[in-house]
Structure formats: structure tokens, C-alpha cells
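Structure data (mmCIF, C-alpha atoms and all ligand atoms) from protein06.cif:
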data_run
loop_
_atom_site.group_PDB
_atom_site.id
_atom_site.type_symbol
_atom_site.label_atom_id
_atom_site.label_comp_id
_atom_site.auth_asym_id
_atom_site.auth_seq_id
_atom_site.Cartn_x
_atom_site.Cartn_y
_atom_site.Cartn_z
ATOM 1 C CA MET A 1 -5.078 -18.517 -16.909
ATOM 2 C CA PRO A 2 -1.702 -17.370 -15.569
ATOM 3 C CA ARG A 3 -1.673 -14.715 -12.882
ATOM 4 C CA THR A 4 0.860 -11.888 -13.268
ATOM 5 C CA PRO A 5 2.932 -11.786 -10.061
ATOM 6 C CA LEU A 6 2.650 -8.591 -8.037
ATOM 7 C CA ILE A 7 5.563 -7.458 -5.887
ATOM 8 C CA ALA A 8 4.306 -4.802 -3.503
ATOM 9 C CA GLY A 9 6.152 -2.664 -0.982
ATOM 10 C CA ASN A 10 4.313 -1.215 2.011
ATOM 11 C CA TRP A 11 6.396 1.639 3.389
ATOM 12 C CA LYS A 12 4.160 2.069 6.451
ATOM 13 C CA MET A 13 4.955 5.224 8.507
ATOM 14 C CA TYR A 14 8.488 5.644 7.183
ATOM 15 C CA LEU A 15 10.360 8.097 4.917
ATOM 16 C CA ASN A 16 10.100 11.809 4.328
ATOM 17 C CA ARG A 17 9.458 13.066 0.793
ATOM 18 C CA ALA A 18 13.101 13.258 -0.292
ATOM 19 C CA GLU A 19 13.832 9.751 1.011
ATOM 20 C CA ALA A 20 10.669 8.412 -0.584
ATOM 21 C CA VAL A 21 11.466 9.918 -3.984
ATOM 22 C CA ARG A 22 14.985 8.470 -3.836
ATOM 23 C CA LEU A 23 13.722 4.995 -3.018
ATOM 24 C CA ALA A 24 10.966 5.237 -5.645
ATOM 25 C CA ALA A 25 13.547 6.079 -8.304
ATOM 26 C CA ALA A 26 15.612 3.044 -7.257
ATOM 27 C CA VAL A 27 12.511 0.820 -7.444
ATOM 28 C CA ALA A 28 11.684 2.168 -10.911
ATOM 29 C CA ALA A 29 15.243 1.505 -12.088
ATOM 30 C CA ALA A 30 15.151 -2.019 -10.624
ATOM 31 C CA SER A 31 11.829 -2.724 -12.359
ATOM 32 C CA GLN A 32 12.853 -1.522 -15.778
ATOM 33 C CA GLY A 33 12.196 -3.954 -18.602
ATOM 34 C CA LEU A 34 10.335 -6.489 -16.440
ATOM 35 C CA THR A 35 7.153 -7.425 -18.285
ATOM 36 C CA ASP A 36 6.318 -10.701 -16.523
ATOM 37 C CA ARG A 37 5.602 -9.122 -13.133
ATOM 38 C CA GLU A 38 4.112 -5.967 -11.649
ATOM 39 C CA VAL A 39 5.678 -3.755 -9.000
ATOM 40 C CA MET A 40 3.784 -1.513 -6.579
ATOM 41 C CA ILE A 41 4.836 0.784 -3.753
ATOM 42 C CA ALA A 42 2.678 2.298 -1.012
ATOM 43 C CA PRO A 43 4.291 5.427 0.461
ATOM 44 C CA PRO A 44 2.843 7.368 3.389
ATOM 45 C CA PHE A 45 0.171 9.885 2.297
ATOM 46 C CA THR A 46 2.566 12.833 2.641
ATOM 47 C CA ALA A 47 4.899 11.368 -0.010
ATOM 48 C CA LEU A 48 2.257 9.862 -2.281
ATOM 49 C CA ASN A 49 2.161 12.610 -4.870
ATOM 50 C CA ALA A 50 5.917 13.134 -4.938
ATOM 51 C CA VAL A 51 6.421 9.387 -5.454
ATOM 52 C CA ALA A 52 3.731 9.217 -8.153
ATOM 53 C CA GLU A 53 5.515 12.031 -9.994
ATOM 54 C CA ALA A 54 8.886 10.303 -9.572
ATOM 55 C CA VAL A 55 7.678 7.035 -11.149
ATOM 56 C CA ARG A 56 5.437 8.593 -13.783
ATOM 57 C CA GLY A 57 5.981 6.924 -17.160
ATOM 58 C CA THR A 58 7.452 3.781 -15.559
ATOM 59 C CA ALA A 59 5.606 0.525 -14.892
ATOM 60 C CA VAL A 60 5.695 1.046 -11.110
ATOM 61 C CA LYS A 61 2.251 1.447 -9.569
ATOM 62 C CA VAL A 62 1.587 3.632 -6.563
ATOM 63 C CA ALA A 63 -0.859 2.792 -3.780
ATOM 64 C CA GLY A 64 -2.356 4.424 -0.709
ATOM 65 C CA GLN A 65 -2.051 2.593 2.611
ATOM 66 C CA ASN A 66 -5.715 3.142 3.449
ATOM 67 C CA VAL A 67 -8.723 5.045 2.135
ATOM 68 C CA GLY A 68 -11.809 6.733 3.548
ATOM 69 C CA TRP A 69 -15.229 5.615 2.340
ATOM 70 C CA GLU A 70 -16.821 8.988 1.671
ATOM 71 C CA LYS A 71 -15.968 11.272 -1.224
ATOM 72 C CA GLU A 72 -15.519 14.242 1.091
ATOM 73 C CA GLY A 73 -16.860 15.582 4.343
ATOM 74 C CA ALA A 74 -16.163 16.115 8.020
ATOM 75 C CA PHE A 75 -13.937 13.046 8.522
ATOM 76 C CA THR A 76 -10.800 14.344 10.207
ATOM 77 C CA GLY A 77 -7.768 12.205 9.452
ATOM 78 C CA GLU A 78 -9.266 10.381 6.474
ATOM 79 C CA VAL A 79 -8.222 10.561 2.810
ATOM 80 C CA SER A 80 -10.934 9.929 0.219
ATOM 81 C CA PRO A 81 -10.744 7.824 -2.962
ATOM 82 C CA PRO A 82 -10.811 10.881 -5.269
ATOM 83 C CA MET A 83 -8.007 12.436 -3.213
ATOM 84 C CA LEU A 84 -5.873 9.302 -3.615
ATOM 85 C CA LEU A 85 -6.524 9.283 -7.357
ATOM 86 C CA ASP A 86 -5.699 12.966 -7.543
ATOM 87 C CA ALA A 87 -2.388 12.317 -5.772
ATOM 88 C CA GLY A 88 -1.516 9.681 -8.376
ATOM 89 C CA ALA A 89 -2.480 6.387 -6.707
ATOM 90 C CA GLU A 90 -3.997 3.529 -8.719
ATOM 91 C CA MET A 91 -4.219 1.029 -5.893
ATOM 92 C CA VAL A 92 -4.860 0.985 -2.156
ATOM 93 C CA ILE A 93 -4.115 -1.354 0.759
ATOM 94 C CA ILE A 94 -7.207 -2.007 2.883
ATOM 95 C CA GLY A 95 -7.637 -3.869 6.172
ATOM 96 C CA HIS A 96 -3.958 -4.139 7.016
ATOM 97 C CA SER A 97 -3.517 -5.926 10.326
ATOM 98 C CA GLU A 98 -1.979 -2.781 11.834
ATOM 99 C CA ARG A 99 -5.220 -0.953 11.002
ATOM 100 C CA ARG A 100 -7.205 -3.786 12.545
ATOM 101 C CA GLN A 101 -5.014 -4.350 15.635
ATOM 102 C CA VAL A 102 -3.733 -0.858 16.490
ATOM 103 C CA PHE A 103 -6.599 1.309 15.220
ATOM 104 C CA GLY A 104 -9.535 -0.992 15.851
ATOM 105 C CA GLU A 105 -10.811 -1.247 12.285
ATOM 106 C CA ASP A 106 -13.336 -4.028 11.954
ATOM 107 C CA ASN A 107 -14.604 -6.035 8.995
ATOM 108 C CA ALA A 108 -17.629 -3.744 8.534
ATOM 109 C CA MET A 109 -15.443 -0.649 8.246
ATOM 110 C CA ILE A 110 -13.041 -2.467 5.945
ATOM 111 C CA SER A 111 -15.939 -3.452 3.690
ATOM 112 C CA LEU A 112 -16.981 0.211 3.400
ATOM 113 C CA ARG A 113 -13.443 1.223 2.465
ATOM 114 C CA LEU A 114 -13.134 -1.578 -0.076
ATOM 115 C CA ARG A 115 -16.388 -0.794 -1.842
ATOM 116 C CA ALA A 116 -15.592 2.934 -1.941
ATOM 117 C CA ALA A 117 -12.187 2.208 -3.491
ATOM 118 C CA LEU A 118 -13.756 0.008 -6.162
ATOM 119 C CA GLN A 119 -16.530 2.475 -6.928
ATOM 120 C CA HIS A 120 -13.938 5.138 -7.648
ATOM 121 C CA GLY A 121 -11.694 2.877 -9.726
ATOM 122 C CA LEU A 122 -8.900 2.220 -7.236
ATOM 123 C CA ALA A 123 -7.692 -1.392 -7.228
ATOM 124 C CA PRO A 124 -7.787 -2.622 -3.618
ATOM 125 C CA ILE A 125 -5.520 -5.069 -1.840
ATOM 126 C CA LEU A 126 -7.628 -6.610 0.920
ATOM 127 C CA CYS A 127 -5.450 -7.892 3.772
ATOM 128 C CA VAL A 128 -6.523 -10.858 5.863
ATOM 129 C CA GLY A 129 -4.731 -12.997 8.421
ATOM 130 C CA GLU A 130 -4.921 -14.545 11.851
ATOM 131 C CA THR A 131 -3.168 -13.639 15.098
ATOM 132 C CA LEU A 132 -0.893 -16.105 16.884
ATOM 133 C CA THR A 133 -3.620 -16.822 19.455
ATOM 134 C CA GLU A 134 -6.087 -17.563 16.677
ATOM 135 C CA ARG A 135 -3.623 -19.876 14.905
ATOM 136 C CA GLU A 136 -2.822 -21.727 18.125
ATOM 137 C CA ALA A 137 -6.539 -22.099 18.828
ATOM 138 C CA GLY A 138 -6.949 -23.737 15.413
ATOM 139 C CA SER A 139 -9.198 -20.979 14.091
ATOM 140 C CA THR A 140 -7.037 -19.688 11.215
ATOM 141 C CA PHE A 141 -9.476 -20.793 8.503
ATOM 142 C CA THR A 142 -12.549 -19.512 10.358
ATOM 143 C CA VAL A 143 -10.973 -16.097 10.937
ATOM 144 C CA VAL A 144 -9.731 -15.736 7.354
ATOM 145 C CA GLU A 145 -13.053 -16.864 5.886
ATOM 146 C CA GLU A 146 -14.932 -14.353 8.055
ATOM 147 C CA GLN A 147 -12.581 -11.543 6.973
ATOM 148 C CA LEU A 148 -13.157 -12.485 3.327
ATOM 149 C CA ALA A 149 -16.926 -12.902 3.666
ATOM 150 C CA GLN A 150 -17.419 -9.548 5.388
ATOM 151 C CA GLY A 151 -14.663 -7.657 3.578
ATOM 152 C CA LEU A 152 -15.975 -8.724 0.168
ATOM 153 C CA ALA A 153 -19.671 -8.275 0.990
ATOM 154 C CA ASP A 154 -21.514 -6.809 -2.021
ATOM 155 C CA VAL A 155 -18.406 -6.889 -4.208
ATOM 156 C CA THR A 156 -19.522 -7.855 -7.721
ATOM 157 C CA ALA A 157 -17.693 -10.353 -9.911
ATOM 158 C CA ALA A 158 -16.428 -7.527 -12.144
ATOM 159 C CA GLN A 159 -15.083 -5.726 -9.052
ATOM 160 C CA MET A 160 -13.540 -8.929 -7.700
ATOM 161 C CA GLY A 161 -11.617 -9.170 -10.951
ATOM 162 C CA LYS A 162 -9.799 -5.962 -9.950
ATOM 163 C CA THR A 163 -9.270 -6.920 -6.306
ATOM 164 C CA VAL A 164 -6.111 -8.441 -4.867
ATOM 165 C CA ILE A 165 -6.029 -10.411 -1.605
ATOM 166 C CA ALA A 166 -3.040 -10.373 0.736
ATOM 167 C CA TYR A 167 -2.618 -13.086 3.349
ATOM 168 C CA GLU A 168 -0.583 -11.619 6.180
ATOM 169 C CA PRO A 169 -0.465 -13.761 9.310
ATOM 170 C CA VAL A 170 -0.188 -11.209 12.117
ATOM 171 C CA TRP A 171 2.445 -13.284 13.944
ATOM 172 C CA ALA A 172 4.748 -13.058 10.903
ATOM 173 C CA ILE A 173 4.605 -9.283 10.427
ATOM 174 C CA GLY A 174 7.768 -7.470 11.438
ATOM 175 C CA THR A 175 8.811 -10.390 13.613
ATOM 176 C CA GLY A 176 11.361 -11.973 11.275
ATOM 177 C CA LYS A 177 9.229 -15.113 11.645
ATOM 178 C CA THR A 178 8.021 -15.925 8.124
ATOM 179 C CA ALA A 179 5.269 -18.472 7.659
ATOM 180 C CA SER A 180 6.812 -21.582 6.122
ATOM 181 C CA LYS A 181 6.079 -21.947 2.440
ATOM 182 C CA GLU A 182 3.802 -24.882 3.318
ATOM 183 C CA GLN A 183 1.878 -22.855 5.934
ATOM 184 C CA ALA A 184 1.436 -19.985 3.470
ATOM 185 C CA GLN A 185 0.442 -22.211 0.553
ATOM 186 C CA GLU A 186 -2.139 -23.993 2.721
ATOM 187 C CA VAL A 187 -3.925 -20.748 3.586
ATOM 188 C CA HIS A 188 -3.584 -19.366 0.045
ATOM 189 C CA ALA A 189 -5.239 -22.504 -1.364
ATOM 190 C CA PHE A 190 -7.954 -22.154 1.274
ATOM 191 C CA ILE A 191 -8.542 -18.504 0.286
ATOM 192 C CA ARG A 192 -8.877 -19.502 -3.361
ATOM 193 C CA ALA A 193 -11.350 -22.231 -2.394
ATOM 194 C CA VAL A 194 -13.416 -19.703 -0.420
ATOM 195 C CA LEU A 195 -13.349 -17.311 -3.393
ATOM 196 C CA SER A 196 -14.563 -20.059 -5.692
ATOM 197 C CA ARG A 197 -17.548 -20.543 -3.373
ATOM 198 C CA PHE A 198 -18.317 -16.800 -3.473
ATOM 199 C CA TYR A 199 -17.613 -16.349 -7.200
ATOM 200 C CA GLU A 200 -17.100 -18.523 -10.254
ATOM 201 C CA LYS A 201 -14.182 -20.892 -10.175
ATOM 202 C CA THR A 202 -12.532 -19.292 -13.216
ATOM 203 C CA LEU A 203 -12.697 -15.883 -11.540
ATOM 204 C CA ALA A 204 -11.282 -17.282 -8.287
ATOM 205 C CA GLY A 205 -8.494 -18.761 -10.383
ATOM 206 C CA ARG A 206 -7.617 -15.320 -11.710
ATOM 207 C CA VAL A 207 -7.469 -13.471 -8.365
ATOM 208 C CA ARG A 208 -3.971 -12.710 -7.165
ATOM 209 C CA ILE A 209 -3.240 -13.714 -3.590
ATOM 210 C CA LEU A 210 -0.113 -12.139 -2.093
ATOM 211 C CA TYR A 211 1.792 -13.342 0.950
ATOM 212 C CA GLY A 212 3.044 -10.826 3.506
ATOM 213 C CA GLY A 213 5.013 -11.197 6.739
ATOM 214 C CA SER A 214 8.817 -10.997 6.982
ATOM 215 C CA VAL A 215 9.372 -11.489 3.254
ATOM 216 C CA LYS A 216 13.073 -11.014 2.519
ATOM 217 C CA ALA A 217 15.537 -11.452 -0.326
ATOM 218 C CA GLU A 218 16.415 -14.816 1.241
ATOM 219 C CA ASN A 219 12.941 -16.358 1.282
ATOM 220 C CA VAL A 220 11.119 -14.786 -1.662
ATOM 221 C CA ASP A 221 12.073 -17.442 -4.215
ATOM 222 C CA SER A 222 10.728 -20.378 -2.235
ATOM 223 C CA LEU A 223 7.514 -18.513 -1.363
ATOM 224 C CA MET A 224 6.948 -17.508 -4.990
ATOM 225 C CA ALA A 225 7.436 -21.115 -6.093
ATOM 226 C CA GLN A 226 4.191 -22.099 -4.337
ATOM 227 C CA PRO A 227 1.291 -22.621 -6.736
ATOM 228 C CA ASP A 228 -1.152 -20.241 -5.005
ATOM 229 C CA ILE A 229 1.299 -17.496 -3.997
ATOM 230 C CA ASP A 230 0.998 -14.836 -6.688
ATOM 231 C CA GLY A 231 3.121 -12.120 -5.176
ATOM 232 C CA VAL A 232 4.340 -10.631 -1.941
ATOM 233 C CA LEU A 233 3.461 -7.635 0.223
ATOM 234 C CA VAL A 234 6.715 -6.525 1.790
ATOM 235 C CA GLY A 235 7.173 -4.216 4.777
ATOM 236 C CA GLY A 236 10.648 -3.821 6.264
ATOM 237 C CA ALA A 237 12.631 -5.185 3.316
ATOM 238 C CA SER A 238 10.856 -2.838 0.894
ATOM 239 C CA LEU A 239 12.570 0.120 2.599
ATOM 240 C CA ASN A 240 15.966 -1.189 1.538
ATOM 241 C CA ALA A 241 16.603 -0.563 -2.172
ATOM 242 C CA LYS A 242 18.993 -3.507 -2.604
ATOM 243 C CA ALA A 243 16.799 -5.993 -0.749
ATOM 244 C CA PHE A 244 13.649 -4.902 -2.584
ATOM 245 C CA GLU A 245 15.455 -5.069 -5.924
ATOM 246 C CA ARG A 246 16.338 -8.697 -5.191
ATOM 247 C CA ILE A 247 12.732 -9.391 -4.200
ATOM 248 C CA ILE A 248 11.470 -7.811 -7.434
ATOM 249 C CA HIS A 249 13.871 -10.091 -9.302
ATOM 250 C CA PHE A 250 12.620 -13.281 -7.609
ATOM 251 C CA THR A 251 13.169 -16.399 -9.643
HETATM 252 P P1 LIG A 301 7.193 -7.024 7.241
HETATM 253 O O1 LIG A 301 7.632 -7.421 5.850
HETATM 254 O O2 LIG A 301 8.019 -5.932 7.839
HETATM 255 O O3 LIG A 301 7.033 -8.227 8.120
HETATM 256 O O4 LIG A 301 5.729 -6.381 7.080
HETATM 257 C C1 LIG A 301 4.778 -7.067 6.345
HETATM 258 C C2 LIG A 301 3.627 -6.168 6.110
HETATM 259 O O5 LIG A 301 2.917 -5.799 7.025
HETATM 260 C C3 LIG A 301 3.361 -5.725 4.735
HETATM 261 O O6 LIG A 301 2.129 -5.096 4.629
#
This structure in C-alpha cells:
Amino acid sequence: MPRTPLIAGNWKMYLNRAEAVRLAAAVAAASQGLTDREVMIAPPFTALNAVAEAVRGTAVKVAGQNVGWEKEGAFTGEVSPPMLLDAGAEMVIIGHSERRQVFGEDNAMISLRLRAALQHGLAPILCVGETLTEREAGSTFTVVEEQLAQGLADVTAAQMGKTVIAYEPVWAIGTGKTASKEQAQEVHAFIRAVLSRFYEKTLAGRVRILYGGSVKAENVDSLMAQPDIDGVLVGGASLNAKAFERIIHFT
């Protein structure tokens, strides 16, 4: 079963509302008429609703960059799944390495966020990936498998069908140092093998696995040519309309 490629932009903590709406309109224009791929953008929370309004009626999907696990309550700084839906998001990034590294989120917390997203009908993108120290110690597969096992704990097969995985080696994020297409493919194939141990093989074969880490206009084509790379999660280059347009139009 073919997997529809997903080209996703993570805007991180950049852009005010006017800038975000402008970029969203450019992304919508660049995506027009493309039926063989999906395009998603994740603005900061403050611009989420404005961006959702700007791309309404287009094929562009809007995502949150994180999500709280309770519906509401005394959780200062968190945004709940119903709030994300209300703002116009359909998807949400969970377990990004910046959340893990800078804000101390662990696999248990990420699992709570993931299950809450799914319960409320948001499609999650679960991010996994090793640090440079972990790669050099030869523990890439162990780390990634642990992140998958704990992150996907209690996720049913039906829910897994709506979940996207993103492999983002921490050493490749924002460093300009992309994983080689062979390095990325190796881990993507490993992730699919792990998923086919957790779920049925046919389901594992349907899950989209995105690559993230210094994806640019110049390297997207060769990454997307790999058999287990089903899309990209783009940081820096997604903030540049021209570069992201070229990435959307990968061949
Ligand atoms: P860069 O594309 O800037 O390396 O960021 C990748 C990323 O973290 C996407 O979520």
C-alpha cells in the first residue's frame, strides 16, 4: 500500500501573526493542485488560529507544536487538545528533541501527550532520535526503540493508523549536518521493523515515517528517494517561502 508523502514545516518559536499568515498563504499557493502529497505547517500557538483561517479551504494542514494531556485545569503554560482543535489544528508534533533536551520532557510525559492527542482526534507526529553521544556510543537503535516503545505505550492499532513518526537525529537539527540518505534510511527501516513487532506488518507498512534534521531544497530529492522515507519535517528551511516551495515540490 503506497504511503502519501507528508511535507511538514515546523516553525518553532518564530514569526508573529502577520508574518505567519503571509508565509501560510505562500505555502497554500505552493501546494495548490498537488494531490499526491500532503503539506502541513506548525506555527507557534499565538499564530495557530490566524494561520488556520488563512489556509482554510486549502489542502494545507495545520499542527500544534506540542499539546497538554488534560482537557483543562491548573496547568500553566500548557495548551489542551480541545484548545488546539478549537484553534483549527488537525495535527500535533509531540516529543520534539527540543522538548526533550531543553525542557526535560521524558518518554512517560510524551506518552501522555500522545494518547491525549489521539483520544481527542488530533493526528500526532511522534518525534524520535538519538544524540551525537548516543550515536557515537553505538546506541542509536536502542534509544530509538525505547522512545517508540514508551511513546507508543497503549496506542491501539486503530490509533497507530493515524500516527506519524518523525526520525530526527538530534545532531542533525539546525546544524546544517544532514544525516546521509543511507544513515536515514537505515534508521527508518529499523523503525518500521520495530513497528511491525508492535503491530501487524501491514499496519507498520502503512505508517508514515518522516525524516527531520537540516532538510533543504538541495537534499530533499535524494532523501525522498529512499524506500522508507515518507516525508520530511523541516525546521529552518520551512521559514523561507521559496525553499519550502521547492521542498514541497520534491521529485
Ligand atoms: P532544521 O530543519 O532547522 O534542522 O530543524 C529540524 C527540526 O527540528 C524539525 O522539527
_Reference answer for the PyMOL selection byres (((chain A and resi 163) around 12) and not hetatm), as an MDAnalysis selection string_ = chainID A and resid 90:94 114:115 117:119 121:127 148 151:152 155:162 164:166 195 203:204 206:210
Let's have the selection written as a CSV table (one decimal), in the coordinates of the input, with C-alpha atoms.
chain,number,residue,atom,x,y,z
A,90,GLU,CA,-4.0,3.5,-8.7
A,91,MET,CA,-4.2,1.0,-5.9
A,92,VAL,CA,-4.9,1.0,-2.2
A,93,ILE,CA,-4.1,-1.4,0.8
A,94,ILE,CA,-7.2,-2.0,2.9
A,114,LEU,CA,-13.1,-1.6,-0.1
A,115,ARG,CA,-16.4,-0.8,-1.8
A,117,ALA,CA,-12.2,2.2,-3.5
A,118,LEU,CA,-13.8,0.0,-6.2
A,119,GLN,CA,-16.5,2.5,-6.9
A,121,GLY,CA,-11.7,2.9,-9.7
A,122,LEU,CA,-8.9,2.2,-7.2
A,123,ALA,CA,-7.7,-1.4,-7.2
A,124,PRO,CA,-7.8,-2.6,-3.6
A,125,ILE,CA,-5.5,-5.1,-1.8
A,126,LEU,CA,-7.6,-6.6,0.9
A,127,CYS,CA,-5.4,-7.9,3.8
A,148,LEU,CA,-13.2,-12.5,3.3
A,151,GLY,CA,-14.7,-7.7,3.6
A,152,LEU,CA,-16.0,-8.7,0.2
A,155,VAL,CA,-18.4,-6.9,-4.2
A,156,THR,CA,-19.5,-7.9,-7.7
A,157,ALA,CA,-17.7,-10.4,-9.9
A,158,ALA,CA,-16.4,-7.5,-12.1
A,159,GLN,CA,-15.1,-5.7,-9.1
A,160,MET,CA,-13.5,-8.9,-7.7
A,161,GLY,CA,-11.6,-9.2,-11.0
A,162,LYS,CA,-9.8,-6.0,-10.0
A,164,VAL,CA,-6.1,-8.4,-4.9
A,165,ILE,CA,-6.0,-10.4,-1.6
A,166,ALA,CA,-3.0,-10.4,0.7
A,195,LEU,CA,-13.3,-17.3,-3.4
A,203,LEU,CA,-12.7,-15.9,-11.5
A,204,ALA,CA,-11.3,-17.3,-8.3
A,206,ARG,CA,-7.6,-15.3,-11.7
A,207,VAL,CA,-7.5,-13.5,-8.4
A,208,ARG,CA,-4.0,-12.7,-7.2
A,209,ILE,CA,-3.2,-13.7,-3.6
A,210,LEU,CA,-0.1,-12.1,-2.1
_Proximity to ligand LIG 301 (chain A) - best of A:Val170, A:Val51, A:Ala184, A:Val220, all atoms listed in the file_ =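 For ligand LIG 301 (chain A), the nearest of the given residues is A:Val170.
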*Do you know which residues are at most 9 Å from Thr58 (chain A) counting only C-alpha atoms, after dropping those on the same chain fewer than 4 positions away, and could you put them as a PyMOL selection string?*
chain A and resi 28-29+31-32+54
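In this comparison, which uses only C-alpha atoms, the residue of A:Thr175, A:Leu48, A:Val194, A:Gln65 approaching Gly236 (chain A) most closely is A:Thr175.
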Report as JSON lines the residues of chain A within 7 Å of ligand LIG 301 (chain A), each with its shortest atom pair and distance in Å (one decimal), using only C-alpha atoms and all ligand atoms, ordered by chain and increasing residue number.
{"residue": "A:Asn10", "atom": "CA", "partner": "A:LIG301", "partner_atom": "O6", "distance": 5.2}
{"residue": "A:His96", "atom": "CA", "partner": "A:LIG301", "partner_atom": "O6", "distance": 6.6}
{"residue": "A:Glu168", "atom": "CA", "partner": "A:LIG301", "partner_atom": "O5", "distance": 6.8}
{"residue": "A:Ala172", "atom": "CA", "partner": "A:LIG301", "partner_atom": "O3", "distance": 6.0}
{"residue": "A:Ile173", "atom": "CA", "partner": "A:LIG301", "partner_atom": "O3", "distance": 3.5}
{"residue": "A:Gly174", "atom": "CA", "partner": "A:LIG301", "partner_atom": "O3", "distance": 3.5}
{"residue": "A:Thr175", "atom": "CA", "partner": "A:LIG301", "partner_atom": "O3", "distance": 6.2}
{"residue": "A:Gly176", "atom": "CA", "partner": "A:LIG301", "partner_atom": "O3", "distance": 6.5}
{"residue": "A:Gly212", "atom": "CA", "partner": "A:LIG301", "partner_atom": "C1", "distance": 5.0}
{"residue": "A:Gly213", "atom": "CA", "partner": "A:LIG301", "partner_atom": "O3", "distance": 3.8}
{"residue": "A:Ser214", "atom": "CA", "partner": "A:LIG301", "partner_atom": "O3", "distance": 3.5}
{"residue": "A:Val215", "atom": "CA", "partner": "A:LIG301", "partner_atom": "O1", "distance": 5.1}
{"residue": "A:Leu233", "atom": "CA", "partner": "A:LIG301", "partner_atom": "C3", "distance": 4.9}
{"residue": "A:Val234", "atom": "CA", "partner": "A:LIG301", "partner_atom": "O1", "distance": 4.3}
{"residue": "A:Gly235", "atom": "CA", "partner": "A:LIG301", "partner_atom": "O1", "distance": 3.4}
{"residue": "A:Gly236", "atom": "CA", "partner": "A:LIG301", "partner_atom": "O2", "distance": 3.7}
{"residue": "A:Ala237", "atom": "CA", "partner": "A:LIG301", "partner_atom": "O1", "distance": 6.0}
*When the PyMOL selection byres (((chain A and resi 68) around 6) and not hetatm) is applied to the file above, which residues end up in the set, as a list in words?*
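Answer for the PyMOL selection byres (((chain A and resi 68) around 6) and not hetatm): Val67, Trp69, Glu70, Glu78, Val79, Ser80 and Arg113 of chain A.
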*Matched chain/residue IDs from the PyMOL selection byres (((chain A and resi 238) around 12) and not hetatm), as an MDAnalysis selection string*: chainID A and resid 7:12 14:15 20 23:24 26:27 39:43 174 212:217 232:237 239:248
_Between CA of Leu84 (chain A) and CA of Leu112 (chain A), distance in Å (one decimal)_ =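 Between CA of Leu84 (chain A) and CA of Leu112 (chain A) the gap works out to 16.0 Å.
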_Residue nearest Glu53 (chain A) - candidates A:Val143, A:Ala149, A:Ala25, A:Ile229, atoms counted: all atoms listed in the file_ =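 Among the listed residues, A:Ala25 lies closest to Glu53 (chain A).
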Can you take the partial region 163-177 of chain A, add N, CA, C and O atoms, and return it as a CSV table (one decimal), in the coordinates of the input?
chain,number,residue,atom,x,y,z
A,163,THR,N,-9.7,-6.9,-7.7
A,163,THR,CA,-9.3,-6.9,-6.3
A,163,THR,C,-8.1,-7.9,-6.1
A,163,THR,O,-8.1,-9.0,-6.7
A,164,VAL,N,-7.2,-7.6,-5.2
A,164,VAL,CA,-6.1,-8.4,-4.9
A,164,VAL,C,-6.3,-8.8,-3.4
A,164,VAL,O,-6.8,-8.0,-2.6
A,165,ILE,N,-6.0,-10.0,-3.0
A,165,ILE,CA,-6.0,-10.4,-1.6
A,165,ILE,C,-4.6,-10.6,-1.1
A,165,ILE,O,-3.7,-11.0,-1.8
A,166,ALA,N,-4.4,-10.1,0.1
A,166,ALA,CA,-3.0,-10.4,0.7
A,166,ALA,C,-3.2,-11.2,2.0
A,166,ALA,O,-4.0,-10.7,2.9
A,167,TYR,N,-2.6,-12.3,2.1
A,167,TYR,CA,-2.6,-13.1,3.3
A,167,TYR,C,-1.4,-12.7,4.2
A,167,TYR,O,-0.3,-12.9,3.8
A,168,GLU,N,-1.7,-12.1,5.3
A,168,GLU,CA,-0.6,-11.6,6.2
A,168,GLU,C,-0.9,-12.1,7.6
A,168,GLU,O,-1.6,-11.5,8.4
A,169,PRO,N,-0.3,-13.3,7.9
A,169,PRO,CA,-0.5,-13.8,9.3
A,169,PRO,C,0.2,-12.8,10.3
A,169,PRO,O,1.3,-12.4,10.1
A,170,VAL,N,-0.6,-12.3,11.2
A,170,VAL,CA,-0.2,-11.2,12.1
A,170,VAL,C,1.1,-11.6,12.8
A,170,VAL,O,2.0,-10.7,13.0
A,171,TRP,N,1.3,-12.8,13.2
A,171,TRP,CA,2.4,-13.3,13.9
A,171,TRP,C,3.7,-13.3,13.1
A,171,TRP,O,4.8,-13.4,13.6
A,172,ALA,N,3.6,-13.1,11.8
A,172,ALA,CA,4.7,-13.1,10.9
A,172,ALA,C,5.1,-11.6,10.5
A,172,ALA,O,6.2,-11.5,9.8
A,173,ILE,N,4.3,-10.6,10.9
A,173,ILE,CA,4.6,-9.3,10.4
A,173,ILE,C,5.6,-8.6,11.3
A,173,ILE,O,5.4,-8.4,12.5
A,174,GLY,N,6.7,-8.2,10.7
A,174,GLY,CA,7.8,-7.5,11.4
A,174,GLY,C,8.4,-8.3,12.5
A,174,GLY,O,9.1,-7.7,13.4
A,175,THR,N,8.3,-9.6,12.5
A,175,THR,CA,8.8,-10.4,13.6
A,175,THR,C,10.0,-11.2,13.1
A,175,THR,O,10.7,-11.8,13.9
A,176,GLY,N,10.3,-11.2,11.8
A,176,GLY,CA,11.4,-12.0,11.3
A,176,GLY,C,11.0,-13.4,11.2
A,176,GLY,O,11.7,-14.3,10.7
A,177,LYS,N,9.7,-13.7,11.6
A,177,LYS,CA,9.2,-15.1,11.6
A,177,LYS,C,8.3,-15.3,10.5
A,177,LYS,O,7.1,-15.1,10.6
